[in-house]
Amino acid sequence: MDGPASVIFDLDGVLVDSETAWNDARRALVEERGGTWRAAATRAMMGMSSLEWSRYMREELGVPLSPEAISEAVVERLEDLYRKRLPLLPGARHAVASLASRWPLGLASSANRTIIALVLELAELQSFFKATVSSEEVAHGKPAPDVYLEAARRISCEPRRCAAVEDSANGLRAAASAGMKVIAIPNQRFPPPEDALAVADVVLASIKELTPGVVDALEDSGPVPDWRGST
């Protein structure tokens, strides 16, 4: 079996420790606008496109704004936080650079296009990615495969020849549904359930463990053993 011909990264939770920042920005808006925050809201919105989570905040959490206004308000808060301090995960830049030396890279993110651009600019990662896709630009957010399929199309690679790097349950399911090999780096604050991890071909403890050797091993026909704690 041929090995991967390209690698597609998620952004939130894989390259930046951002889930808490998104959560705090959304919750603050809900509370300021008189809505009702729910304990299940964080996991429910992970992987949703901006249109999907802004509708969720309006319809399920009671924010009395249009979805467009909700999205703009949350993104503005997040941009302010990132300009003050970008929570780039340790080892993220090295992992991206080392894989880019071997394979064309794509990025398939649920984040808004402006957030993707800002993160890559602040982290100086733009040059490593051949194509980036926001779930704003496809019909359905994760766990639908749309954003991964579009990223594969933009880098001219068949989905089955791509390896995806993901951290969340919805993201893992999206990459697997796209027919890609899946590298899981479980989000430590919001860990995916075992049934979501089960779709992964390899599970790493952190992005520091993501090396070209891990991707090379995916050419084996069977699942790759769990590498967590091996380094």
# chains A, B, ... in the order shown; residues from 1 in each chain; ligands from 1
call {"tool": "select_by_dssp", "arguments": {"residues": "region 2-221 of chain A", "states": "strand (DSSP E or B)", "output": "PyMOL selection string"}}
result
chain A and resi 6-9+12+16+88+105-109+129-134+162-166+181-184+202-203
call {"tool": "residues_around", "arguments": {"residues": "Ser156 (chain A)", "least_positions_apart": "2", "cutoff": "10 Å", "atoms": "only C-alpha atoms", "output": "list in words"}}
result
Ser6, Pro104, Lys130, Ala131, Glu150, Ala151, Ala152, Arg153, Arg154, Glu158 and Pro159 of chain A
call {"tool": "write_last_selection", "arguments": {"atoms": "C-alpha atoms", "output": "PDB file, in the first residue's frame"}}
result
ATOM      1  CA  SER A   6       0.238  14.856   1.748  1.00  0.00           C
ATOM      2  CA  PRO A 104       2.720  19.231   0.691  1.00  0.00           C
ATOM      3  CA  LYS A 130      -0.024  24.838   0.138  1.00  0.00           C
ATOM      4  CA  ALA A 131      -3.723  25.410   0.872  1.00  0.00           C
ATOM      5  CA  GLU A 150     -11.940  20.480  -0.017  1.00  0.00           C
ATOM      6  CA  ALA A 151      -8.433  20.730   1.441  1.00  0.00           C
ATOM      7  CA  ALA A 152      -7.424  17.579  -0.464  1.00  0.00           C
ATOM      8  CA  ARG A 153      -8.907  19.017  -3.658  1.00  0.00           C
ATOM      9  CA  ARG A 154      -6.981  22.272  -3.250  1.00  0.00           C
ATOM     10  CA  GLU A 158      -6.739  12.086  -3.459  1.00  0.00           C
ATOM     11  CA  PRO A 159      -8.263  11.939   0.034  1.00  0.00           C
TER      12      PRO A 159
END
call {"tool": "residues_around", "arguments": {"residues": "Cys162 (chain A)", "least_positions_apart": "3", "cutoff": "9 Å", "atoms": "only C-alpha atoms", "output": "PyMOL selection string"}}
result
chain A and resi 3-8+152+157-159+179-182
call {"tool": "residues_around", "arguments": {"residues": "Arg58 (chain A)", "least_positions_apart": "6", "cutoff": "7 Å", "atoms": "only C-alpha atoms", "output": "list in words"}}
result
Pro64, Leu65 and Pro67 of chain A
call {"tool": "closest_atom_pairs", "arguments": {"of": "region 73-115 of chain A", "to": "region 207-212 of chain A", "cutoff": "7 Å", "atoms": "only C-alpha atoms", "output": "tab-separated table"}}
result
residue	atom	partner	partner_atom	distance
A:Gly91	CA	A:Lys208	CA	4.8
A:Ala92	CA	A:Ile207	CA	6.1
A:Ala95	CA	A:Leu210	CA	6.0
A:Ser98	CA	A:Pro212	CA	6.9
A:Leu99	CA	A:Pro212	CA	5.8
call {"tool": "write_last_selection", "arguments": {"atoms": "C-alpha atoms", "output": "PDB file, in the first residue's frame"}}
result
ATOM      1  CA  GLY A  91       6.538  21.758  19.183  1.00  0.00           C
ATOM      2  CA  ALA A  92       3.906  22.879  16.669  1.00  0.00           C
ATOM      3  CA  ALA A  95       6.352  19.563  13.494  1.00  0.00           C
ATOM      4  CA  SER A  98       9.642  18.961   9.424  1.00  0.00           C
ATOM      5  CA  LEU A  99       6.600  17.523   7.652  1.00  0.00           C
TER       6      LEU A  99
END
call {"tool": "atom_distance", "arguments": {"atom1": "CA of Leu149 (chain A)", "atom2": "CA of Val133 (chain A)"}}
result
9.8 Å
call {"tool": "select_by_dssp", "arguments": {"residues": "region 24-224 of chain A", "states": "helix (DSSP H, G or I)", "output": "compact mmCIF listing (two decimals) with C-alpha atoms, in the first residue's frame"}}
result
# COMPACT_ATOMS: atom_id res chain seq x y z
CA ASP A 24 -14.38 31.85 27.04
CA ALA A 25 -15.20 34.26 24.21
CA ARG A 26 -18.49 32.51 23.43
CA ARG A 27 -19.53 32.16 27.03
CA ALA A 28 -18.79 35.83 27.79
CA LEU A 29 -21.00 36.91 24.87
CA VAL A 30 -23.82 34.61 25.99
CA GLU A 31 -23.75 35.98 29.53
CA GLU A 32 -23.41 39.61 28.46
CA ALA A 41 -22.25 23.81 24.80
CA THR A 42 -18.46 23.50 24.58
CA ARG A 43 -18.44 19.99 23.16
CA ALA A 44 -21.51 20.66 21.02
CA MET A 45 -19.80 23.52 19.18
CA SER A 50 -18.93 29.65 12.21
CA LEU A 51 -22.42 29.69 10.71
CA GLU A 52 -23.36 26.53 12.62
CA TRP A 53 -22.05 27.60 16.04
CA SER A 54 -23.42 31.12 15.75
CA ARG A 55 -26.86 29.69 14.96
CA TYR A 56 -26.47 27.33 17.93
CA MET A 57 -25.67 30.29 20.19
CA ARG A 58 -28.76 32.12 18.98
CA GLU A 59 -31.20 29.20 18.97
CA PRO A 67 -25.76 34.67 13.56
CA GLU A 68 -23.55 37.05 11.58
CA ALA A 69 -23.33 39.50 14.50
CA ILE A 70 -22.61 36.68 16.94
CA SER A 71 -19.77 35.37 14.78
CA GLU A 72 -18.26 38.83 14.37
CA ALA A 73 -18.40 39.54 18.11
CA VAL A 74 -16.74 36.26 19.09
CA VAL A 75 -14.05 36.57 16.41
CA GLU A 76 -13.24 40.12 17.48
CA ARG A 77 -12.67 38.95 21.06
CA LEU A 78 -10.48 36.09 19.89
CA GLU A 79 -8.39 38.30 17.62
CA ASP A 80 -7.69 40.65 20.53
CA LEU A 81 -6.54 37.72 22.67
CA TYR A 82 -4.29 36.30 19.96
CA ARG A 83 -2.63 39.63 19.22
CA LYS A 84 -1.72 39.90 22.88
CA ALA A 92 3.91 22.88 16.67
CA ARG A 93 6.21 24.93 14.48
CA HIS A 94 8.89 22.25 14.39
CA ALA A 95 6.35 19.56 13.49
CA VAL A 96 4.90 21.62 10.65
CA ALA A 97 8.33 22.53 9.28
CA SER A 98 9.64 18.96 9.42
CA LEU A 99 6.60 17.52 7.65
CA ALA A 100 6.60 20.33 5.07
CA ARG A 113 -11.01 32.53 7.66
CA THR A 114 -9.78 35.68 9.45
CA ILE A 115 -8.67 33.64 12.47
CA ILE A 116 -6.80 31.15 10.30
CA ALA A 117 -4.97 33.98 8.55
CA LEU A 118 -4.12 35.72 11.82
CA VAL A 119 -2.77 32.57 13.50
CA LEU A 120 -0.59 31.61 10.54
CA GLU A 121 0.70 35.19 10.30
CA LEU A 122 1.54 35.51 14.00
CA ALA A 123 3.12 32.04 14.10
CA GLN A 126 1.98 30.70 6.14
CA SER A 127 4.78 29.50 3.86
CA PHE A 128 4.47 25.88 4.97
CA SER A 135 -15.42 25.33 7.22
CA GLU A 136 -17.08 28.66 6.37
CA GLU A 137 -16.20 27.78 2.77
CA ASP A 146 -16.46 18.50 3.63
CA VAL A 147 -13.58 20.64 4.90
CA TYR A 148 -11.09 17.78 4.55
CA LEU A 149 -12.29 16.86 1.09
CA GLU A 150 -11.94 20.48 -0.02
CA ALA A 151 -8.43 20.73 1.44
CA ALA A 152 -7.42 17.58 -0.46
CA ARG A 153 -8.91 19.02 -3.66
CA ARG A 154 -6.98 22.27 -3.25
CA PRO A 159 -8.26 11.94 0.03
CA ARG A 160 -7.12 8.33 0.51
CA ARG A 161 -3.52 9.50 -0.03
CA ALA A 169 -14.08 13.86 18.31
CA ASN A 170 -15.79 15.72 15.47
CA GLY A 171 -12.50 16.33 13.72
CA LEU A 172 -11.41 12.71 13.96
CA ARG A 173 -14.72 11.56 12.55
CA ALA A 174 -14.56 14.13 9.74
CA ALA A 175 -11.10 13.03 8.63
CA ALA A 176 -12.04 9.34 8.80
CA SER A 177 -15.24 9.99 6.83
CA GLU A 194 -12.83 6.19 22.96
CA ASP A 195 -15.22 5.52 20.08
CA ALA A 196 -13.89 8.62 18.30
CA LEU A 197 -10.27 7.70 19.02
CA ILE A 207 2.44 17.33 18.65
CA LYS A 208 6.06 17.03 19.77
CA GLU A 209 5.76 13.35 18.83
CA PRO A 212 8.04 12.22 9.48
CA GLY A 213 8.54 8.71 10.84
CA VAL A 214 5.00 8.65 12.19
CA VAL A 215 3.61 9.57 8.77
CA ASP A 216 5.87 7.06 7.01
CA ALA A 217 4.53 4.31 9.27
call {"tool": "residues_around", "arguments": {"residues": "Ser49 (chain A)", "least_positions_apart": "4", "cutoff": "8 Å", "atoms": "only C-alpha atoms", "output": "list in words"}}
result
Trp53, Ser110, Ala111, Asn112, Ser134, Ser135, Glu136, His140, Gly141 and Lys142 of chain A
call {"tool": "atom_distance", "arguments": {"atom1": "CA of Pro193 (chain A)", "atom2": "CA of Ala139 (chain A)"}}
result
25.7 Å
call {"tool": "atom_distance", "arguments": {"atom1": "CA of Asp167 (chain A)", "atom2": "CA of Ile185 (chain A)"}}
result
4.8 Å
